[in-house]
file my_file.pdb (PDB, C-alpha atoms)
ATOM      1  CA  MET A 435       0.000   0.000   0.000  1.00  0.00           C
ATOM      2  CA  PRO A 436       1.437   3.401  -0.860  1.00  0.00           C
ATOM      3  CA  GLY A 437       2.326   5.384   2.203  1.00  0.00           C
ATOM      4  CA  SER A 438       1.645   2.520   4.567  1.00  0.00           C
ATOM      5  CA  GLY A 439       5.316   2.161   5.389  1.00  0.00           C
ATOM      6  CA  ILE A 440       5.525   5.450   7.261  1.00  0.00           C
ATOM      7  CA  ASP A 441       5.917   4.758  10.935  1.00  0.00           C
ATOM      8  CA  VAL A 442       4.371   6.466  13.905  1.00  0.00           C
ATOM      9  CA  PHE A 443       5.333   6.071  17.529  1.00  0.00           C
ATOM     10  CA  VAL A 444       2.280   5.313  19.600  1.00  0.00           C
ATOM     11  CA  ILE A 445       1.638   5.401  23.323  1.00  0.00           C
ATOM     12  CA  LEU A 446      -1.723   3.815  24.073  1.00  0.00           C
ATOM     13  CA  VAL A 447      -3.476   3.933  27.435  1.00  0.00           C
ATOM     14  CA  TYR A 448      -6.776   2.175  27.980  1.00  0.00           C
ATOM     15  CA  ASP A 449      -9.358   2.384  30.717  1.00  0.00           C
ATOM     16  CA  VAL A 450     -12.028  -0.168  29.877  1.00  0.00           C
ATOM     17  CA  ASN A 451     -14.564  -2.274  31.746  1.00  0.00           C
ATOM     18  CA  VAL A 452     -12.972  -5.428  33.165  1.00  0.00           C
ATOM     19  CA  LYS A 453     -15.243  -7.471  30.863  1.00  0.00           C
ATOM     20  CA  ARG A 454     -13.371  -6.161  27.844  1.00  0.00           C
ATOM     21  CA  VAL A 455      -9.834  -5.843  29.227  1.00  0.00           C
ATOM     22  CA  ALA A 456      -8.583  -9.210  27.923  1.00  0.00           C
ATOM     23  CA  LYS A 457      -9.861  -8.558  24.415  1.00  0.00           C
ATOM     24  CA  VAL A 458      -8.533  -4.992  24.316  1.00  0.00           C
ATOM     25  CA  LEU A 459      -5.114  -6.036  25.604  1.00  0.00           C
ATOM     26  CA  LYS A 460      -4.893  -8.948  23.162  1.00  0.00           C
ATOM     27  CA  THR A 461      -5.724  -6.637  20.247  1.00  0.00           C
ATOM     28  CA  CYS A 462      -3.255  -3.974  21.371  1.00  0.00           C
ATOM     29  CA  ARG A 463      -0.471  -6.534  21.782  1.00  0.00           C
ATOM     30  CA  LYS A 464      -0.848  -7.572  18.162  1.00  0.00           C
ATOM     31  CA  TYR A 465       0.547  -4.175  17.239  1.00  0.00           C
ATOM     32  CA  LEU A 466       2.283  -2.695  20.279  1.00  0.00           C
ATOM     33  CA  ASN A 467       4.528  -3.666  23.175  1.00  0.00           C
ATOM     34  CA  TRP A 468       3.080  -3.864  26.629  1.00  0.00           C
ATOM     35  CA  VAL A 469       4.763  -1.427  29.032  1.00  0.00           C
ATOM     36  CA  GLN A 470       2.717  -1.328  32.204  1.00  0.00           C
ATOM     37  CA  ASN A 471      -0.734  -2.244  33.486  1.00  0.00           C
ATOM     38  CA  SER A 472      -2.879  -0.473  30.879  1.00  0.00           C
ATOM     39  CA  VAL A 473      -0.118   1.105  28.793  1.00  0.00           C
ATOM     40  CA  LEU A 474       1.401  -0.047  25.513  1.00  0.00           C
ATOM     41  CA  GLU A 475       3.771   1.619  23.116  1.00  0.00           C
ATOM     42  CA  GLY A 476       5.451   0.926  19.824  1.00  0.00           C
ATOM     43  CA  GLU A 477       6.562   2.043  16.423  1.00  0.00           C
ATOM     44  CA  ILE A 478       4.059   0.913  13.821  1.00  0.00           C
ATOM     45  CA  SER A 479       3.137   1.698  10.249  1.00  0.00           C
ATOM     46  CA  LYS A 480       0.284   4.085   9.645  1.00  0.00           C
ATOM     47  CA  ALA A 481      -1.631   1.227   8.040  1.00  0.00           C
ATOM     48  CA  ASN A 482      -1.317  -0.876  11.188  1.00  0.00           C
ATOM     49  CA  TYR A 483      -2.233   2.100  13.331  1.00  0.00           C
ATOM     50  CA  GLU A 484      -5.463   2.410  11.358  1.00  0.00           C
ATOM     51  CA  LYS A 485      -6.109  -1.335  11.719  1.00  0.00           C
ATOM     52  CA  LEU A 486      -5.570  -1.146  15.454  1.00  0.00           C
ATOM     53  CA  ARG A 487      -8.008   1.718  15.804  1.00  0.00           C
ATOM     54  CA  THR A 488     -10.618  -0.028  13.677  1.00  0.00           C
ATOM     55  CA  GLU A 489     -10.352  -3.204  15.750  1.00  0.00           C
ATOM     56  CA  LEU A 490     -10.553  -1.345  19.048  1.00  0.00           C
ATOM     57  CA  ARG A 491     -13.522   0.674  17.868  1.00  0.00           C
ATOM     58  CA  ARG A 492     -15.400  -2.618  17.417  1.00  0.00           C
ATOM     59  CA  ILE A 493     -14.472  -3.922  20.865  1.00  0.00           C
ATOM     60  CA  ILE A 494     -14.925  -1.006  23.229  1.00  0.00           C
ATOM     61  CA  ASP A 495     -18.124   0.441  24.585  1.00  0.00           C
ATOM     62  CA  LYS A 496     -17.989   4.106  23.640  1.00  0.00           C
ATOM     63  CA  GLU A 497     -20.260   5.088  26.502  1.00  0.00           C
ATOM     64  CA  GLU A 498     -18.126   3.444  29.144  1.00  0.00           C
ATOM     65  CA  ASP A 499     -14.568   2.783  27.953  1.00  0.00           C
ATOM     66  CA  SER A 500     -11.757   5.132  27.079  1.00  0.00           C
ATOM     67  CA  VAL A 501      -8.645   4.638  24.973  1.00  0.00           C
ATOM     68  CA  ILE A 502      -6.077   7.395  24.510  1.00  0.00           C
ATOM     69  CA  PHE A 503      -3.630   7.365  21.622  1.00  0.00           C
ATOM     70  CA  TYR A 504      -0.623   9.651  21.780  1.00  0.00           C
ATOM     71  CA  THR A 505       1.166   9.605  18.446  1.00  0.00           C
ATOM     72  CA  PHE A 506       4.557  11.017  17.554  1.00  0.00           C
ATOM     73  CA  ARG A 507       6.291  11.552  14.275  1.00  0.00           C
ATOM     74  CA  THR A 508       9.660  11.477  16.010  1.00  0.00           C
ATOM     75  CA  LEU A 509      11.036  10.544  19.397  1.00  0.00           C
ATOM     76  CA  LYS A 510      13.889  12.976  18.996  1.00  0.00           C
ATOM     77  CA  TYR A 511      12.477  15.395  21.555  1.00  0.00           C
ATOM     78  CA  SER A 512      11.280  12.862  24.071  1.00  0.00           C
ATOM     79  CA  SER A 513      12.451  10.554  26.784  1.00  0.00           C
ATOM     80  CA  ARG A 514      11.000   8.048  29.181  1.00  0.00           C
ATOM     81  CA  GLU A 515      11.808   7.322  32.779  1.00  0.00           C
ATOM     82  CA  ILE A 516      10.444   4.546  34.921  1.00  0.00           C
ATOM     83  CA  MET A 517      10.313   4.942  38.682  1.00  0.00           C
ATOM     84  CA  GLY A 518       9.910   1.736  40.651  1.00  0.00           C
ATOM     85  CA  VAL A 519       9.233  -1.612  39.058  1.00  0.00           C
ATOM     86  CA  LYS A 520       9.703  -2.110  35.339  1.00  0.00           C
ATOM     87  CA  LYS A 521       6.681  -4.202  34.455  1.00  0.00           C
ATOM     88  CA  GLY A 522       6.694  -4.315  30.695  1.00  0.00           C
ATOM     89  CA  GLY A 523       8.789  -5.807  27.966  1.00  0.00           C
ATOM     90  CA  GLU A 524      10.435  -4.256  24.945  1.00  0.00           C
ATOM     91  CA  GLU A 525      11.175  -0.579  24.678  1.00  0.00           C
ATOM     92  CA  ILE A 526      11.289   2.024  21.991  1.00  0.00           C
ATOM     93  CA  PHE A 527      12.183   4.925  24.253  1.00  0.00           C
ATOM     94  CA  LEU A 528      15.591   5.445  25.837  1.00  0.00           C
TER
ATOM     95  CA  MET B 142      15.489  29.979  40.264  1.00  0.00           C
ATOM     96  CA  PRO B 143      17.669  30.098  37.174  1.00  0.00           C
ATOM     97  CA  GLY B 144      16.558  27.645  34.532  1.00  0.00           C
ATOM     98  CA  SER B 145      13.472  26.653  36.438  1.00  0.00           C
ATOM     99  CA  GLY B 146      11.232  28.394  33.932  1.00  0.00           C
ATOM    100  CA  ILE B 147      11.941  25.963  31.115  1.00  0.00           C
ATOM    101  CA  ASP B 148       8.889  23.840  30.532  1.00  0.00           C
ATOM    102  CA  VAL B 149       8.563  20.195  29.755  1.00  0.00           C
ATOM    103  CA  PHE B 150       5.472  18.364  28.621  1.00  0.00           C
ATOM    104  CA  VAL B 151       4.879  15.354  30.791  1.00  0.00           C
ATOM    105  CA  ILE B 152       2.681  12.297  30.385  1.00  0.00           C
ATOM    106  CA  LEU B 153       2.620  10.333  33.616  1.00  0.00           C
ATOM    107  CA  VAL B 154       1.143   6.857  34.011  1.00  0.00           C
ATOM    108  CA  TYR B 155       1.090   5.129  37.372  1.00  0.00           C
ATOM    109  CA  ASP B 156       0.438   1.547  38.399  1.00  0.00           C
ATOM    110  CA  VAL B 157       0.586   1.476  42.189  1.00  0.00           C
ATOM    111  CA  ASN B 158      -0.881  -0.585  44.991  1.00  0.00           C
ATOM    112  CA  VAL B 159      -4.412   0.540  45.845  1.00  0.00           C
ATOM    113  CA  LYS B 160      -3.159   1.549  49.306  1.00  0.00           C
ATOM    114  CA  ARG B 161      -1.087   4.330  47.745  1.00  0.00           C
ATOM    115  CA  VAL B 162      -3.322   5.372  44.835  1.00  0.00           C
ATOM    116  CA  ALA B 163      -4.993   8.289  46.629  1.00  0.00           C
ATOM    117  CA  LYS B 164      -1.703   9.762  47.779  1.00  0.00           C
ATOM    118  CA  VAL B 165      -0.028   9.308  44.389  1.00  0.00           C
ATOM    119  CA  LEU B 166      -2.963  10.850  42.541  1.00  0.00           C
ATOM    120  CA  LYS B 167      -3.154  13.786  44.942  1.00  0.00           C
ATOM    121  CA  THR B 168       0.557  14.488  44.481  1.00  0.00           C
ATOM    122  CA  CYS B 169       0.390  14.199  40.706  1.00  0.00           C
ATOM    123  CA  ARG B 170      -2.607  16.543  40.542  1.00  0.00           C
ATOM    124  CA  LYS B 171      -0.626  19.251  42.280  1.00  0.00           C
ATOM    125  CA  TYR B 172       1.477  19.492  39.134  1.00  0.00           C
ATOM    126  CA  LEU B 173      -0.413  17.832  36.284  1.00  0.00           C
ATOM    127  CA  ASN B 174      -3.890  17.519  34.838  1.00  0.00           C
ATOM    128  CA  TRP B 175      -5.765  14.295  35.223  1.00  0.00           C
ATOM    129  CA  VAL B 176      -6.617  12.707  31.877  1.00  0.00           C
ATOM    130  CA  GLN B 177      -7.860   9.196  32.524  1.00  0.00           C
ATOM    131  CA  ASN B 178      -7.823   6.531  35.233  1.00  0.00           C
ATOM    132  CA  SER B 179      -4.089   6.419  35.987  1.00  0.00           C
ATOM    133  CA  VAL B 180      -2.894   8.981  33.442  1.00  0.00           C
ATOM    134  CA  LEU B 181      -2.002  12.634  33.916  1.00  0.00           C
ATOM    135  CA  GLU B 182      -0.364  15.146  31.642  1.00  0.00           C
ATOM    136  CA  GLY B 183       0.754  18.717  31.699  1.00  0.00           C
ATOM    137  CA  GLU B 184       3.249  21.394  30.854  1.00  0.00           C
ATOM    138  CA  ILE B 185       5.389  22.121  33.892  1.00  0.00           C
ATOM    139  CA  SER B 186       8.674  23.790  34.724  1.00  0.00           C
ATOM    140  CA  LYS B 187      11.731  21.613  35.105  1.00  0.00           C
ATOM    141  CA  ALA B 188      11.881  22.639  38.752  1.00  0.00           C
ATOM    142  CA  ASN B 189       8.354  21.388  39.359  1.00  0.00           C
ATOM    143  CA  TYR B 190       9.078  18.238  37.424  1.00  0.00           C
ATOM    144  CA  GLU B 191      11.946  17.537  39.815  1.00  0.00           C
ATOM    145  CA  LYS B 192       9.722  18.286  42.809  1.00  0.00           C
ATOM    146  CA  LEU B 193       7.064  15.918  41.519  1.00  0.00           C
ATOM    147  CA  ARG B 194       9.588  13.135  41.096  1.00  0.00           C
ATOM    148  CA  THR B 195      11.055  13.701  44.538  1.00  0.00           C
ATOM    149  CA  GLU B 196       7.623  13.580  46.163  1.00  0.00           C
ATOM    150  CA  LEU B 197       6.596  10.456  44.296  1.00  0.00           C
ATOM    151  CA  ARG B 198       9.857   8.724  45.146  1.00  0.00           C
ATOM    152  CA  ARG B 199       8.955   9.135  48.811  1.00  0.00           C
ATOM    153  CA  ILE B 200       5.448   7.757  48.375  1.00  0.00           C
ATOM    154  CA  ILE B 201       5.803   4.731  46.143  1.00  0.00           C
ATOM    155  CA  ASP B 202       7.103   1.300  47.005  1.00  0.00           C
ATOM    156  CA  LYS B 203       9.887   0.687  44.519  1.00  0.00           C
ATOM    157  CA  GLU B 204       9.507  -3.074  44.767  1.00  0.00           C
ATOM    158  CA  GLU B 205       5.834  -3.024  43.927  1.00  0.00           C
ATOM    159  CA  ASP B 206       4.749   0.206  42.250  1.00  0.00           C
ATOM    160  CA  SER B 207       5.579   1.656  38.865  1.00  0.00           C
ATOM    161  CA  VAL B 208       5.408   5.195  37.541  1.00  0.00           C
ATOM    162  CA  ILE B 209       6.303   6.050  33.959  1.00  0.00           C
ATOM    163  CA  PHE B 210       7.228   9.584  32.928  1.00  0.00           C
ATOM    164  CA  TYR B 211       7.248  10.442  29.246  1.00  0.00           C
ATOM    165  CA  THR B 212       8.736  13.884  28.769  1.00  0.00           C
ATOM    166  CA  PHE B 213       8.761  16.032  25.661  1.00  0.00           C
ATOM    167  CA  ARG B 214      10.589  19.193  24.813  1.00  0.00           C
ATOM    168  CA  THR B 215       7.982  20.027  22.206  1.00  0.00           C
ATOM    169  CA  LEU B 216       4.542  18.834  21.216  1.00  0.00           C
ATOM    170  CA  LYS B 217       5.103  19.926  17.646  1.00  0.00           C
ATOM    171  CA  TYR B 218       5.413  16.376  16.372  1.00  0.00           C
ATOM    172  CA  SER B 219       2.690  14.837  18.434  1.00  0.00           C
ATOM    173  CA  SER B 220      -1.049  14.490  18.688  1.00  0.00           C
ATOM    174  CA  ARG B 221      -3.585  12.854  20.930  1.00  0.00           C
ATOM    175  CA  GLU B 222      -6.801  11.065  20.132  1.00  0.00           C
ATOM    176  CA  ILE B 223      -9.368   9.777  22.565  1.00  0.00           C
ATOM    177  CA  MET B 224     -11.630   6.897  21.579  1.00  0.00           C
ATOM    178  CA  GLY B 225     -14.723   6.441  23.711  1.00  0.00           C
ATOM    179  CA  VAL B 226     -15.376   8.412  26.851  1.00  0.00           C
ATOM    180  CA  LYS B 227     -13.378  11.504  27.692  1.00  0.00           C
ATOM    181  CA  LYS B 228     -12.771  11.064  31.391  1.00  0.00           C
ATOM    182  CA  GLY B 229     -10.295  13.774  32.252  1.00  0.00           C
ATOM    183  CA  GLY B 230     -10.194  17.517  32.446  1.00  0.00           C
ATOM    184  CA  GLU B 231      -7.920  20.052  30.857  1.00  0.00           C
ATOM    185  CA  GLU B 232      -5.811  19.323  27.824  1.00  0.00           C
ATOM    186  CA  ILE B 233      -2.461  20.326  26.487  1.00  0.00           C
ATOM    187  CA  PHE B 234      -2.616  18.204  23.352  1.00  0.00           C
ATOM    188  CA  LEU B 235      -4.767  18.987  20.338  1.00  0.00           C
TER
END
call {"tool": "encode", "arguments": {"input": "my_file.pdb", "output": "structure tokens"}}
result
Amino acid sequence: MPGSGIDVFVILVYDVNVKRVAKVLKTCRKYLNWVQNSVLEGEISKANYEKLRTELRRIIDKEEDSVIFYTFRTLKYSSREIMGVKKGGEEIFL
Amino acid sequence: MPGSGIDVFVILVYDVNVKRVAKVLKTCRKYLNWVQNSVLEGEISKANYEKLRTELRRIIDKEEDSVIFYTFRTLKYSSREIMGVKKGGEEIFL
């Protein structure tokens, strides 16, 4: 697909009803790396970012759940620090 | 204070034992805006960012709790999208 190779850095935070947590997490993990409790991050193509959003839109209850997507074109001006336990896996941030 | 006026954009996500949630949230809200469940964000001075970290370091249990700080020198290359319910208050992102 033209243009689908362009990557975005995504930080995703969800706050969904416990009934849908497993499904939301499973879907997110297809595209992103789990960082902490309800946080995932990763560098993905714009095409995959669209897929992820489409899939989540079908799973969540818009009246009750909330998913925040922070997207970045570059990580040049950013950094990440973890205080306490490191709970997640892979990292894209320094 | 010299240099204390320089601002950073912070996204903070915490995953702490329920015993310390109230105290952590109260401390974070002194400096940042609550966005969702365990997520806060805001534009703060470097001096306040240091204060926030010092206070949190005293509250959390490093063996059990986790706090992630994403910091950004500019929001020029970033955006935020909320899917579902908007649970928080003020915003710094578009």
call {"tool": "closest_residue", "arguments": {"input": "my_file.pdb", "among": "A:Trp468, A:Val458, A:Met517, A:Thr508", "to": "Asp202 in chain B", "atoms": "all atoms listed in the file"}}
result
A:Met517
call {"tool": "calpha_fit_and_write", "arguments": {"input": "my_file.pdb", "fixed": "chain B", "moving": "chain A", "output": "compact mmCIF listing (two decimals) with C-alpha atoms, in the frame of the given file"}}
result
# COMPACT_ATOMS: atom_id res chain seq x y z
CA MET A 435 15.85 29.79 40.24
CA PRO A 436 17.89 30.01 37.05
CA GLY A 437 16.65 27.65 34.40
CA SER A 438 13.60 26.62 36.38
CA GLY A 439 11.29 28.39 33.97
CA ILE A 440 11.94 25.98 31.12
CA ASP A 441 8.87 23.88 30.56
CA VAL A 442 8.55 20.22 29.78
CA PHE A 443 5.46 18.38 28.63
CA VAL A 444 4.88 15.36 30.80
CA ILE A 445 2.69 12.31 30.38
CA LEU A 446 2.62 10.33 33.62
CA VAL A 447 1.16 6.86 34.01
CA TYR A 448 1.11 5.13 37.37
CA ASP A 449 0.46 1.56 38.40
CA VAL A 450 0.60 1.48 42.18
CA ASN A 451 -0.88 -0.59 44.99
CA VAL A 452 -4.42 0.53 45.83
CA LYS A 453 -3.15 1.54 49.29
CA ARG A 454 -1.10 4.32 47.74
CA VAL A 455 -3.32 5.36 44.82
CA ALA A 456 -5.01 8.28 46.62
CA LYS A 457 -1.71 9.75 47.77
CA VAL A 458 -0.03 9.30 44.38
CA LEU A 459 -2.97 10.84 42.53
CA LYS A 460 -3.18 13.78 44.94
CA THR A 461 0.54 14.48 44.50
CA CYS A 462 0.36 14.19 40.71
CA ARG A 463 -2.63 16.53 40.54
CA LYS A 464 -0.66 19.24 42.29
CA TYR A 465 1.44 19.48 39.15
CA LEU A 466 -0.44 17.84 36.29
CA ASN A 467 -3.93 17.51 34.83
CA TRP A 468 -5.77 14.27 35.22
CA VAL A 469 -6.62 12.68 31.86
CA GLN A 470 -7.85 9.17 32.50
CA ASN A 471 -7.83 6.52 35.22
CA SER A 472 -4.09 6.41 35.98
CA VAL A 473 -2.88 8.97 33.44
CA LEU A 474 -2.00 12.63 33.91
CA GLU A 475 -0.36 15.14 31.64
CA GLY A 476 0.74 18.73 31.69
CA GLU A 477 3.25 21.39 30.87
CA ILE A 478 5.37 22.14 33.91
CA SER A 479 8.64 23.81 34.74
CA LYS A 480 11.69 21.64 35.13
CA ALA A 481 11.84 22.67 38.78
CA ASN A 482 8.31 21.41 39.38
CA TYR A 483 9.05 18.25 37.45
CA GLU A 484 11.93 17.57 39.84
CA LYS A 485 9.68 18.31 42.84
CA LEU A 486 7.05 15.93 41.55
CA ARG A 487 9.57 13.15 41.11
CA THR A 488 11.04 13.72 44.56
CA GLU A 489 7.60 13.59 46.18
CA LEU A 490 6.58 10.46 44.30
CA ARG A 491 9.85 8.75 45.15
CA ARG A 492 8.94 9.15 48.83
CA ILE A 493 5.43 7.76 48.39
CA ILE A 494 5.80 4.74 46.15
CA ASP A 495 7.10 1.31 47.01
CA LYS A 496 9.90 0.71 44.54
CA GLU A 497 9.52 -3.05 44.78
CA GLU A 498 5.84 -3.02 43.93
CA ASP A 499 4.76 0.22 42.24
CA SER A 500 5.59 1.66 38.86
CA VAL A 501 5.41 5.21 37.54
CA ILE A 502 6.33 6.07 33.96
CA PHE A 503 7.23 9.60 32.94
CA TYR A 504 7.26 10.46 29.25
CA THR A 505 8.73 13.91 28.78
CA PHE A 506 8.77 16.07 25.67
CA ARG A 507 10.58 19.24 24.82
CA THR A 508 7.96 20.07 22.22
CA LEU A 509 4.52 18.86 21.22
CA LYS A 510 5.08 19.96 17.66
CA TYR A 511 5.41 16.41 16.37
CA SER A 512 2.67 14.85 18.44
CA SER A 513 -1.05 14.49 18.69
CA ARG A 514 -3.58 12.85 20.93
CA GLU A 515 -6.79 11.06 20.13
CA ILE A 516 -9.35 9.75 22.55
CA MET A 517 -11.60 6.87 21.57
CA GLY A 518 -14.71 6.42 23.68
CA VAL A 519 -15.38 8.37 26.83
CA LYS A 520 -13.37 11.47 27.65
CA LYS A 521 -12.77 11.04 31.36
CA GLY A 522 -10.31 13.74 32.23
CA GLY A 523 -10.25 17.49 32.44
CA GLU A 524 -7.95 20.04 30.87
CA GLU A 525 -5.85 19.32 27.84
CA ILE A 526 -2.50 20.32 26.50
CA PHE A 527 -2.65 18.19 23.37
CA LEU A 528 -4.83 18.94 20.36
call {"tool": "interface_residues", "arguments": {"input": "my_file.pdb", "of": "chain B", "to": "chain A", "cutoff": "12 Å", "atoms": "all atoms listed in the file", "output": "ChimeraX atom specification"}}
result
/B:149-158,176-182,193-229,233-235
call {"tool": "atom_distance", "arguments": {"input": "my_file.pdb", "atom1": "CA of Glu184 in chain B", "atom2": "CA of Val162 in chain B"}}
result
22.3 Å
call {"tool": "atom_distance", "arguments": {"input": "my_file.pdb", "atom1": "CA of Asp148 in chain B", "atom2": "CA of Tyr190 in chain B"}}
result
8.9 Å
call {"tool": "atom_distance", "arguments": {"input": "my_file.pdb", "atom1": "CA of Gly476 in chain A", "atom2": "CA of Ala456 in chain A"}}
result
19.1 Å
call {"tool": "closest_residue", "arguments": {"input": "my_file.pdb", "among": "B:Asn174, B:Ser186, B:Arg161, B:Cys169", "to": "Ile147 in chain B", "atoms": "all atoms listed in the file"}}
result
B:Ser186
call {"tool": "axis_aligned_box", "arguments": {"input": "my_file.pdb", "around": "range 208-218 of chain B", "padding_each_side": "8 Å", "output": "JSON"}}
result
{"center_x": 7.6, "center_y": 12.6, "center_z": 27.0, "size_x": 22.0, "size_y": 30.8, "size_z": 37.2}
call {"tool": "decode", "arguments": {"input": "my_file.pdb", "residues": "range 155-170 of chain B", "atoms": "N, CA and C atoms", "output": "PDB file, in the first residue's frame"}}
result
ATOM      1  N   TYR B 155       0.699   5.877  36.175  1.00  0.00           N
ATOM      2  CA  TYR B 155       1.090   5.129  37.372  1.00  0.00           C
ATOM      3  C   TYR B 155       0.351   3.808  37.492  1.00  0.00           C
ATOM      4  N   ASP B 156       1.016   2.861  38.123  1.00  0.00           N
ATOM      5  CA  ASP B 156       0.438   1.547  38.399  1.00  0.00           C
ATOM      6  C   ASP B 156       0.919   1.208  39.808  1.00  0.00           C
ATOM      7  N   VAL B 157       0.153   1.635  40.801  1.00  0.00           N
ATOM      8  CA  VAL B 157       0.586   1.476  42.189  1.00  0.00           C
ATOM      9  C   VAL B 157      -0.443   0.704  43.003  1.00  0.00           C
ATOM     10  N   ASN B 158       0.000   0.148  44.094  1.00  0.00           N
ATOM     11  CA  ASN B 158      -0.881  -0.585  44.991  1.00  0.00           C
ATOM     12  C   ASN B 158      -2.020   0.332  45.439  1.00  0.00           C
ATOM     13  N   VAL B 159      -3.212  -0.237  45.524  1.00  0.00           N
ATOM     14  CA  VAL B 159      -4.412   0.540  45.845  1.00  0.00           C
ATOM     15  C   VAL B 159      -4.252   1.346  47.147  1.00  0.00           C
ATOM     16  N   LYS B 160      -3.408   0.851  48.034  1.00  0.00           N
ATOM     17  CA  LYS B 160      -3.159   1.549  49.306  1.00  0.00           C
ATOM     18  C   LYS B 160      -2.533   2.931  49.088  1.00  0.00           C
ATOM     19  N   ARG B 161      -1.790   3.062  47.986  1.00  0.00           N
ATOM     20  CA  ARG B 161      -1.087   4.330  47.745  1.00  0.00           C
ATOM     21  C   ARG B 161      -1.675   5.168  46.607  1.00  0.00           C
ATOM     22  N   VAL B 162      -2.750   4.671  45.989  1.00  0.00           N
ATOM     23  CA  VAL B 162      -3.322   5.372  44.835  1.00  0.00           C
ATOM     24  C   VAL B 162      -3.742   6.805  45.181  1.00  0.00           C
ATOM     25  N   ALA B 163      -4.468   6.967  46.279  1.00  0.00           N
ATOM     26  CA  ALA B 163      -4.993   8.289  46.629  1.00  0.00           C
ATOM     27  C   ALA B 163      -3.862   9.305  46.823  1.00  0.00           C
ATOM     28  N   LYS B 164      -2.827   8.878  47.505  1.00  0.00           N
ATOM     29  CA  LYS B 164      -1.703   9.762  47.779  1.00  0.00           C
ATOM     30  C   LYS B 164      -0.930  10.098  46.490  1.00  0.00           C
ATOM     31  N   VAL B 165      -0.732   9.089  45.660  1.00  0.00           N
ATOM     32  CA  VAL B 165      -0.028   9.308  44.389  1.00  0.00           C
ATOM     33  C   VAL B 165      -0.827  10.264  43.505  1.00  0.00           C
ATOM     34  N   LEU B 166      -2.125  10.005  43.389  1.00  0.00           N
ATOM     35  CA  LEU B 166      -2.963  10.850  42.541  1.00  0.00           C
ATOM     36  C   LEU B 166      -2.989  12.294  43.049  1.00  0.00           C
ATOM     37  N   LYS B 167      -3.115  12.445  44.353  1.00  0.00           N
ATOM     38  CA  LYS B 167      -3.154  13.786  44.942  1.00  0.00           C
ATOM     39  C   LYS B 167      -1.852  14.545  44.632  1.00  0.00           C
ATOM     40  N   THR B 168      -0.747  13.867  44.764  1.00  0.00           N
ATOM     41  CA  THR B 168       0.557  14.488  44.481  1.00  0.00           C
ATOM     42  C   THR B 168       0.683  14.857  43.005  1.00  0.00           C
ATOM     43  N   CYS B 169       0.301  13.933  42.148  1.00  0.00           N
ATOM     44  CA  CYS B 169       0.390  14.199  40.706  1.00  0.00           C
ATOM     45  C   CYS B 169      -0.488  15.382  40.305  1.00  0.00           C
ATOM     46  N   ARG B 170      -1.670  15.470  40.901  1.00  0.00           N
ATOM     47  CA  ARG B 170      -2.607  16.543  40.542  1.00  0.00           C
ATOM     48  C   ARG B 170      -2.139  17.919  40.973  1.00  0.00           C
TER      49      ARG B 170
END
